[in-house]
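Enquirer: For reference, this is start-v6.cif, and it has mmCIF, C-alpha atoms and all ligand atoms.
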data_structure
#
loop_
_atom_site.label_atom_id
_atom_site.label_comp_id
_atom_site.auth_asym_id
_atom_site.auth_seq_id
_atom_site.Cartn_x
_atom_site.Cartn_y
_atom_site.Cartn_z
CA MET A 1 -123.14 129.06 -2.93
CA ASN A 2 -125.62 130.53 -0.46
CA LEU A 3 -128.90 130.59 -2.39
CA LYS A 4 -130.65 132.89 0.09
CA SER A 5 -128.16 135.75 -0.25
CA LEU A 6 -127.81 135.08 -3.98
CA VAL A 7 -131.53 135.40 -4.62
CA GLU A 8 -131.72 138.57 -2.52
CA GLU A 9 -129.06 140.16 -4.76
CA VAL A 10 -130.86 139.01 -7.86
CA VAL A 11 -134.00 140.82 -6.65
CA HIS A 12 -132.03 144.09 -7.00
CA VAL A 13 -130.89 143.13 -10.50
CA ALA A 14 -134.45 142.30 -11.63
CA GLU A 15 -135.79 145.54 -10.17
CA GLY A 16 -132.99 147.50 -11.87
CA ALA A 17 -133.97 145.92 -15.19
CA GLY A 18 -137.59 146.83 -14.46
CA LYS A 19 -136.60 150.53 -14.18
CA ILE A 20 -134.92 150.33 -17.58
CA LEU A 21 -138.07 148.80 -19.08
CA LEU A 22 -140.28 151.50 -17.58
CA ASN A 23 -138.08 154.15 -19.25
CA TYR A 24 -138.90 152.62 -22.63
CA PHE A 25 -142.56 151.78 -21.96
CA GLY A 26 -145.05 153.93 -23.87
CA LYS A 27 -142.35 155.43 -26.10
CA THR A 28 -141.54 154.71 -29.74
CA LEU A 29 -139.60 151.43 -29.88
CA HIS A 30 -137.25 149.97 -32.43
CA VAL A 31 -138.93 146.64 -33.28
CA GLU A 32 -137.42 143.75 -35.26
CA ARG A 33 -138.92 140.43 -36.27
CA LYS A 34 -137.04 137.40 -35.01
CA GLY A 35 -139.33 134.47 -35.85
CA LEU A 36 -142.90 133.39 -36.52
CA ARG A 37 -145.08 135.92 -34.66
CA ASP A 38 -142.02 136.85 -32.61
CA ILE A 39 -140.44 140.28 -32.17
CA VAL A 40 -137.62 141.91 -30.22
CA THR A 41 -137.38 145.57 -29.23
CA ASP A 42 -134.58 147.82 -28.06
CA ALA A 43 -136.11 147.52 -24.56
CA ASP A 44 -135.59 143.71 -24.51
CA LEU A 45 -131.95 144.23 -25.55
CA ALA A 46 -131.25 147.03 -23.05
CA SER A 47 -132.75 144.98 -20.21
CA GLU A 48 -130.72 141.91 -21.13
CA GLU A 49 -127.50 143.90 -21.43
CA TYR A 50 -128.06 145.39 -17.97
CA ILE A 51 -128.94 142.03 -16.36
CA LYS A 52 -125.97 140.27 -17.95
CA GLY A 53 -123.57 143.01 -16.82
CA GLU A 54 -124.91 143.06 -13.26
CA LEU A 55 -124.92 139.26 -12.86
CA GLN A 56 -121.39 138.94 -14.23
CA ARG A 57 -120.16 141.71 -11.94
CA ARG A 58 -121.80 140.22 -8.84
CA PHE A 59 -121.29 136.51 -9.65
CA PRO A 60 -118.28 136.30 -11.99
CA ASP A 61 -118.13 132.48 -11.81
CA VAL A 62 -121.69 131.78 -13.00
CA PRO A 63 -122.18 131.59 -16.78
CA PHE A 64 -125.07 133.41 -18.43
CA PHE A 65 -127.83 132.46 -20.85
CA GLY A 66 -130.23 135.13 -22.07
CA GLU A 67 -133.15 134.85 -24.48
CA GLU A 68 -131.77 137.57 -26.74
CA THR A 69 -128.03 136.89 -26.71
CA GLY A 70 -127.82 133.16 -25.91
CA GLY A 71 -124.92 131.73 -23.89
CA GLU A 72 -124.25 128.65 -21.79
CA GLU A 73 -126.79 125.85 -22.19
CA ARG A 74 -125.65 123.23 -19.64
CA GLY A 75 -124.50 123.07 -16.03
CA ILE A 76 -125.02 125.83 -13.53
CA ARG A 77 -125.98 129.08 -15.27
CA TRP A 78 -128.37 132.01 -15.26
CA VAL A 79 -131.41 131.63 -17.52
CA VAL A 80 -132.90 135.06 -18.21
CA ASP A 81 -135.92 136.49 -19.95
CA PRO A 82 -135.21 140.24 -19.89
CA LEU A 83 -138.76 141.15 -20.95
CA ASP A 84 -141.50 138.54 -20.85
CA GLY A 85 -144.56 139.91 -22.61
CA THR A 86 -142.79 141.81 -25.38
CA LYS A 87 -145.96 142.15 -27.45
CA ASN A 88 -147.90 143.55 -24.49
CA PHE A 89 -145.02 145.99 -24.00
CA ALA A 90 -144.84 147.00 -27.65
CA TRP A 91 -148.60 147.57 -27.91
CA GLY A 92 -148.82 149.41 -24.58
CA LEU A 93 -150.45 146.77 -22.36
CA ASP A 94 -148.82 147.11 -18.94
CA ILE A 95 -148.48 143.39 -18.14
CA PHE A 96 -144.88 142.25 -18.57
CA ALA A 97 -142.12 140.89 -16.36
CA VAL A 98 -138.40 140.33 -15.87
CA SER A 99 -137.50 136.69 -15.14
CA ILE A 100 -134.12 135.54 -13.81
CA ALA A 101 -133.38 131.95 -12.76
CA LEU A 102 -130.34 130.09 -11.52
CA VAL A 103 -130.48 126.69 -13.22
CA ARG A 104 -128.48 123.47 -12.92
CA ASP A 105 -128.84 121.49 -16.16
CA ASP A 106 -132.65 121.18 -16.60
CA HIS A 107 -133.52 122.09 -13.06
CA PRO A 108 -134.10 125.61 -11.64
CA LEU A 109 -132.54 126.21 -8.22
CA ALA A 110 -133.64 129.79 -7.60
CA GLY A 111 -135.74 132.40 -9.36
CA VAL A 112 -136.88 136.00 -9.29
CA ILE A 113 -139.76 137.57 -11.24
CA HIS A 114 -140.32 141.32 -11.17
CA VAL A 115 -143.43 143.05 -12.55
CA PRO A 116 -142.35 146.68 -13.02
CA THR A 117 -145.75 148.32 -13.60
CA LYS A 118 -147.17 146.84 -10.40
CA ASN A 119 -143.94 147.03 -8.41
CA ILE A 120 -144.34 143.39 -7.45
CA THR A 121 -141.36 141.07 -7.04
CA VAL A 122 -141.55 137.39 -6.11
CA TRP A 123 -138.61 135.10 -5.48
CA ALA A 124 -137.72 131.65 -4.19
CA TYR A 125 -134.89 129.20 -3.89
CA GLU A 126 -135.14 125.46 -3.60
CA GLY A 127 -136.04 124.39 -0.08
CA GLY A 128 -136.23 127.99 1.16
CA GLY A 129 -139.84 128.96 0.47
CA ALA A 130 -141.24 131.68 -1.79
CA TYR A 131 -141.46 135.37 -0.88
CA THR A 132 -142.63 138.78 -1.88
CA LYS A 133 -141.68 142.05 -0.14
CA ASP A 134 -144.06 141.86 2.79
CA ARG A 135 -144.81 138.16 3.22
CA LYS A 136 -143.94 134.55 2.69
CA LEU A 137 -146.05 133.07 -0.12
CA VAL A 138 -147.93 130.04 1.17
CA LEU A 139 -150.75 128.66 -0.96
CA ASP A 140 -153.71 126.74 0.40
CA GLY A 141 -155.24 123.77 -1.41
CA GLY A 142 -157.64 125.95 -3.36
CA ARG A 143 -161.29 125.43 -4.26
CA PRO A 144 -163.07 123.43 -6.95
CA LEU A 145 -162.51 124.42 -10.55
CA SER A 146 -165.99 125.95 -10.71
CA GLU A 147 -164.75 128.49 -8.11
CA SER A 148 -161.26 128.91 -9.55
CA PHE A 149 -159.60 131.73 -11.52
CA ILE A 150 -157.37 130.13 -14.17
CA ALA A 151 -154.62 131.56 -16.39
CA THR A 152 -153.36 130.16 -19.67
CA GLY A 153 -151.34 131.14 -22.73
CA PHE A 154 -151.94 130.43 -26.40
CA PRO A 155 -149.39 128.39 -28.40
CA HIS A 156 -149.26 131.10 -31.08
CA GLY A 157 -145.65 130.40 -32.08
CA ASN A 158 -146.35 126.80 -33.08
CA PRO A 159 -149.38 126.07 -35.29
CA GLU A 160 -149.14 122.31 -34.58
CA LEU A 161 -149.98 122.88 -30.92
CA VAL A 162 -153.16 124.84 -31.59
CA ASP A 163 -155.55 121.89 -32.04
CA PRO A 164 -154.51 119.90 -28.95
CA TYR A 165 -154.49 123.14 -26.98
CA ILE A 166 -158.06 123.98 -28.03
CA VAL A 167 -159.29 120.57 -26.81
CA GLY A 168 -158.10 121.36 -23.28
CA LEU A 169 -159.23 124.99 -23.43
CA ARG A 170 -162.76 123.94 -24.39
CA ARG A 171 -162.98 121.56 -21.45
CA VAL A 172 -161.59 123.95 -18.84
CA LEU A 173 -163.75 126.77 -20.22
CA LYS A 174 -166.87 124.74 -19.52
CA ARG A 175 -165.91 124.15 -15.89
CA ALA A 176 -163.81 127.01 -14.48
CA MET A 177 -165.12 130.21 -12.89
CA ALA A 178 -162.99 132.22 -15.36
CA ILE A 179 -159.98 131.91 -17.65
CA ARG A 180 -157.56 134.75 -18.41
CA ARG A 181 -154.87 134.95 -21.11
CA LEU A 182 -152.62 137.88 -20.25
CA GLY A 183 -149.62 137.42 -22.54
CA SER A 184 -146.73 136.95 -20.11
CA ALA A 185 -146.04 133.46 -18.82
CA ALA A 186 -143.64 134.75 -16.16
CA TYR A 187 -146.36 137.10 -14.90
CA ASP A 188 -148.88 134.22 -14.88
CA LEU A 189 -146.53 132.03 -12.85
CA ALA A 190 -145.75 134.88 -10.45
CA MET A 191 -149.48 135.38 -9.95
CA VAL A 192 -150.02 131.69 -9.19
CA ALA A 193 -147.42 131.97 -6.43
CA TYR A 194 -148.93 135.29 -5.31
CA GLY A 195 -152.31 133.56 -4.89
CA MET A 196 -154.20 135.45 -7.61
CA PHE A 197 -154.46 132.65 -10.18
CA ASP A 198 -155.50 129.24 -8.88
CA ALA A 199 -153.85 127.39 -11.78
CA PHE A 200 -152.00 128.03 -15.05
CA TRP A 201 -151.21 125.94 -18.11
CA GLU A 202 -149.50 126.58 -21.41
CA PHE A 203 -147.90 124.64 -24.28
CA GLY A 204 -144.68 125.39 -26.13
CA LEU A 205 -142.89 127.72 -23.73
CA ALA A 206 -139.11 128.13 -23.62
CA PRO A 207 -136.80 127.59 -20.60
CA TRP A 208 -136.39 131.34 -20.06
CA ASP A 209 -140.18 131.81 -19.83
CA THR A 210 -140.64 129.25 -17.07
CA ALA A 211 -137.39 128.57 -15.15
CA ALA A 212 -137.80 131.23 -12.46
CA GLY A 213 -141.57 130.83 -12.20
CA ALA A 214 -141.35 127.08 -11.75
CA VAL A 215 -139.21 127.21 -8.62
CA ILE A 216 -141.33 130.06 -7.23
CA VAL A 217 -144.70 128.30 -7.67
CA ARG A 218 -143.31 125.07 -6.28
CA GLU A 219 -141.85 126.76 -3.21
CA ALA A 220 -145.15 128.59 -2.66
CA GLY A 221 -146.85 125.19 -2.45
CA ALA A 222 -148.38 124.75 -5.91
CA VAL A 223 -148.25 121.43 -7.73
CA LEU A 224 -146.08 121.60 -10.88
CA SER A 225 -145.91 119.12 -13.77
CA GLY A 226 -146.36 118.69 -17.48
CA ILE A 227 -149.94 118.75 -18.74
CA ASP A 228 -150.17 114.94 -18.32
CA GLY A 229 -148.86 114.98 -14.75
CA SER A 230 -145.31 114.04 -15.83
CA PRO A 231 -142.34 115.51 -13.95
CA TRP A 232 -141.55 119.00 -15.21
CA ASN A 233 -138.17 120.35 -16.25
CA ILE A 234 -137.17 123.48 -18.19
CA ASN A 235 -137.35 121.62 -21.52
CA SER A 236 -140.81 120.14 -20.93
CA PRO A 237 -143.16 120.81 -23.88
CA THR A 238 -145.96 121.86 -21.52
CA ILE A 239 -146.30 123.42 -18.08
CA PHE A 240 -149.20 122.96 -15.69
CA THR A 241 -149.29 124.28 -12.13
CA GLY A 242 -151.82 125.22 -9.51
CA LYS A 243 -153.34 124.76 -6.11
CA ARG A 244 -153.97 121.12 -5.30
CA VAL A 245 -157.76 121.01 -5.78
CA PRO A 246 -158.15 122.77 -9.17
CA TYR A 247 -154.89 121.16 -10.36
CA GLY A 248 -156.33 117.71 -9.59
CA GLU A 249 -159.59 118.43 -11.44
CA MET A 250 -157.76 119.81 -14.46
CA LEU A 251 -155.37 116.86 -14.53
CA LYS A 252 -158.38 114.55 -14.94
CA ILE A 253 -159.56 116.74 -17.83
CA PHE A 254 -156.17 116.72 -19.58
CA ARG A 255 -154.79 113.24 -18.79
CA GLY A 256 -154.98 110.66 -21.53
CA GLU A 257 -156.88 113.00 -23.83
CA ILE A 258 -154.33 115.60 -24.88
CA ARG A 259 -150.98 114.66 -26.37
CA VAL A 260 -148.26 117.22 -26.96
CA ASP A 261 -144.95 115.73 -28.14
C1 LIG A 301 -143.93 135.12 -24.48
C2 LIG A 301 -144.90 135.27 -23.34
C3 LIG A 301 -146.27 134.75 -23.72
C4 LIG A 301 -146.21 133.33 -24.19
C5 LIG A 301 -145.21 133.22 -25.35
C6 LIG A 301 -143.85 133.70 -24.91
P1 LIG A 301 -141.89 136.86 -24.79
O1 LIG A 301 -142.64 135.55 -24.14
O2 LIG A 301 -144.48 134.56 -22.20
O3 LIG A 301 -147.16 134.80 -22.63
O4 LIG A 301 -147.49 132.93 -24.63
O5 LIG A 301 -145.13 131.88 -25.78
O6 LIG A 301 -142.95 133.59 -26.00
O7 LIG A 301 -141.63 136.53 -26.23
O8 LIG A 301 -142.81 138.02 -24.63
O9 LIG A 301 -140.64 136.95 -23.98
CA CA A 302 -140.77 135.03 -22.69
CA CA A 303 -138.69 137.86 -23.71
#
Represent the structure contained in this file as structure tokens.
Expert:
Amino acid sequence: MNLKSLVEEVVHVAEGAGKILLNYFGKTLHVERKGLRDIVTDADLASEEYIKGELQRRFPDVPFFGEETGGEERGIRWVVDPLDGTKNFAWGLDIFAVSIALVRDDHPLAGVIHVPTKNITVWAYEGGGAYTKDRKLVLDGGRPLSESFIATGFPHGNPELVDPYIVGLRRVLKRAMAIRRLGSAAYDLAMVAYGMFDAFWEFGLAPWDTAAGAVIVREAGAVLSGIDGSPWNINSPTIFTGKRVPYGEMLKIFRGEIRVD
């Protein structure tokens, strides 16, 4: 399988899904509850149906897993979040993304993230670098944490993670230039690769939130690990990535002090 041509096709699929989302955005949505502080809308379902159909038509041999409809959980497969940032979307905040990854077991091989409201798409495949429309994404080592713009997400779906999360948040808050919590992990990861955020961490994400973003940040030159510096895979309980300098400072803050099992 040629990952370069594959990922270029997947860019079209993600952008097609983005058009579907924009047709729903700002309109009355059908919303259902699917878990603790978790909802799904007709826009999530329409985007996933489109992505699944397009991927199966273009790559009939690759099985599919989507957040909303499930599917294959091992081996080579697509891992898709058709709308990351559903609550932003449902409440009218224009930060949300489409995330599509090609994964082998626990390891993402290629990924595409599209941000429809900003018409930004980023993509990467293992060993091939990370790209957006007009440039290759190449991160520098960054600046000290006191000069760094940091993104995070709250572990709102899992009350047990709140206390350990707050320990780290308090420490980073006292040192970083600024912290933002925007409500779409795929967007946050895309913006690390894009060079806007200098680092990002979150607890309790799912494989479909992170699979595409992980390969993109890594190929852009960010460091990627669990919160304790452990090797990251799509089932890791935490994700922590960033430019080398702020990543290193934050690792000292987190390591040995914060346990998330
Ligand atoms: C959510 C977003 C959010 C993160 C949540 C995710 P969804 O995904 O990525 O930023 O904090 O944990 O569940 O539900 O909007 O696809
Ligand atoms: Ca998600
Ligand atoms: Ca989603």
Enquirer: Tell me which of A:Glu32, A:Glu54, A:Glu15, A:Glu72 sits closest to A:Lys118, counting only C-alpha atoms.
Expert: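 Result for the nearest residue to A:Lys118: A:Glu15.
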Enquirer: Give me, please, the distance in Å between atom CA of A:Ile39 and atom C6 of ligand LIG 301 (chain A), quoted to one decimal.
Expert: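 According to the coordinates, atom CA of A:Ile39 and atom C6 of ligand LIG 301 (chain A) are separated by 10.4 Å.
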Enquirer: For A:Lys4, list every protein, DNA or RNA residue within 9 Å, evaluated using all atoms listed in the file, and leave out those in the same chain fewer than 5 positions away; present the list as a PyMOL selection string.
Expert: chain A and resi 9+110+124-125+128
Enquirer: Please indicate the distance in Å from atom CA of A:Lys27 to atom CA of A:Asp94, rounded to one decimal place.
Expert: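 Distance between the two atoms: 12.7 Å.
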Enquirer: Taking into account all atoms listed in the file, which residue in the set A:Lys87, A:Arg58, A:His12, A:Arg135 is nearest to A:Ala43?
Expert: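 Of the candidates, the smallest distance to A:Ala43 is held by A:Lys87.
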Enquirer: Go ahead and compute the interatomic distance for atom CA of A:Val245 and atom CA of A:Gly153, in Å to one decimal.
Expert: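 Between these atoms lies a distance of 20.8 Å.
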Enquirer: May I have the residues within 9 Å of ligand CA 303 (chain A), computed using all atoms listed in the file, as an mmCIF file with C-alpha atoms, keeping the file's coordinate frame?
Expert:
data_model
loop_
_atom_site.group_PDB
_atom_site.id
_atom_site.type_symbol
_atom_site.label_atom_id
_atom_site.label_comp_id
_atom_site.auth_asym_id
_atom_site.auth_seq_id
_atom_site.Cartn_x
_atom_site.Cartn_y
_atom_site.Cartn_z
ATOM 1 C CA ILE A 39 -140.440 140.280 -32.170
ATOM 2 C CA VAL A 40 -137.620 141.910 -30.220
ATOM 3 C CA ASP A 44 -135.590 143.710 -24.510
ATOM 4 C CA GLU A 67 -133.150 134.850 -24.480
ATOM 5 C CA GLU A 68 -131.770 137.570 -26.740
ATOM 6 C CA VAL A 80 -132.900 135.060 -18.210
ATOM 7 C CA ASP A 81 -135.920 136.490 -19.950
ATOM 8 C CA PRO A 82 -135.210 140.240 -19.890
ATOM 9 C CA LEU A 83 -138.760 141.150 -20.950
ATOM 10 C CA ASP A 84 -141.500 138.540 -20.850
ATOM 11 C CA GLY A 85 -144.560 139.910 -22.610
ATOM 12 C CA THR A 86 -142.790 141.810 -25.380
ATOM 13 C CA ALA A 97 -142.120 140.890 -16.360
ATOM 14 C CA VAL A 98 -138.400 140.330 -15.870
ATOM 15 C CA SER A 99 -137.500 136.690 -15.140
ATOM 16 C CA SER A 184 -146.730 136.950 -20.110
ATOM 17 C CA TRP A 208 -136.390 131.340 -20.060
ATOM 18 C CA ASP A 209 -140.180 131.810 -19.830
#
Enquirer: Hey, which of A:Gly70, A:Gly213, A:Pro207, A:Gly168 ends up closest to A:Ile253? Count only C-alpha atoms.
Expert: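 The answer is A:Gly168, which sits nearest to A:Ile253.
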Enquirer: Between A:Glu73, A:Asp42, A:Asp188, A:Asp105, single out the one closest to ligand CA 302 (chain A), counting all atoms listed in the file.
Expert: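 Ranked by minimum distance to ligand CA 302 (chain A), first place goes to A:Asp188.
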Enquirer: Edge lengths and centre in Å to one decimal, as JSON, is what I'm after for the box along x, y and z that holds all listed atoms of stretch 10-18 of chain A once 5 Å is added on each side.
Expert:
{"center_x": -134.2, "center_y": 143.3, "center_z": -10.9, "size_x": 16.7, "size_y": 18.5, "size_z": 18.5}
Enquirer: Between A:Phe203, A:Trp232, A:Trp123, A:Tyr247, which residue has the minimum interatomic distance to A:Lys136, considering all atoms listed in the file?
Expert: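 Comparing A:Phe203, A:Trp232, A:Trp123, A:Tyr247 against A:Lys136, the winner is A:Trp123.
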Enquirer: Here is a test: counting all atoms listed in the file, which residue of A:Gly18, A:Gly35, A:Gly157, A:Gly75 is nearest to ligand LIG 301 (chain A)?
Expert: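 Answer, going by the shortest atom-to-atom distance: A:Gly157.
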Enquirer: Residues within 7 Å of A:Leu137, please, as a ChimeraX atom specification. Count only C-alpha atoms; anything in the same chain fewer than 2 positions from it doesn't count.
Expert: /A:130-132,135,139,193-194,220
Enquirer: Using all atoms listed in the file, list the residues that have an atom at most 12 Å from (-130.1, 127.6, -12.4), coordinates as in the file, as a PyMOL selection string.
Expert: chain A and resi 1+3+6-7+62-65+72-80+100-112+124-126+207-208+210-215+233-234
Enquirer: If I put a ball of radius 10 Å at (-168.5, 128.2, -10.1) in the file's coordinates, which residues poke into it when counting all atoms listed in the file, written as an MDAnalysis selection string?
Expert: chainID A and resid 143:149 175:178
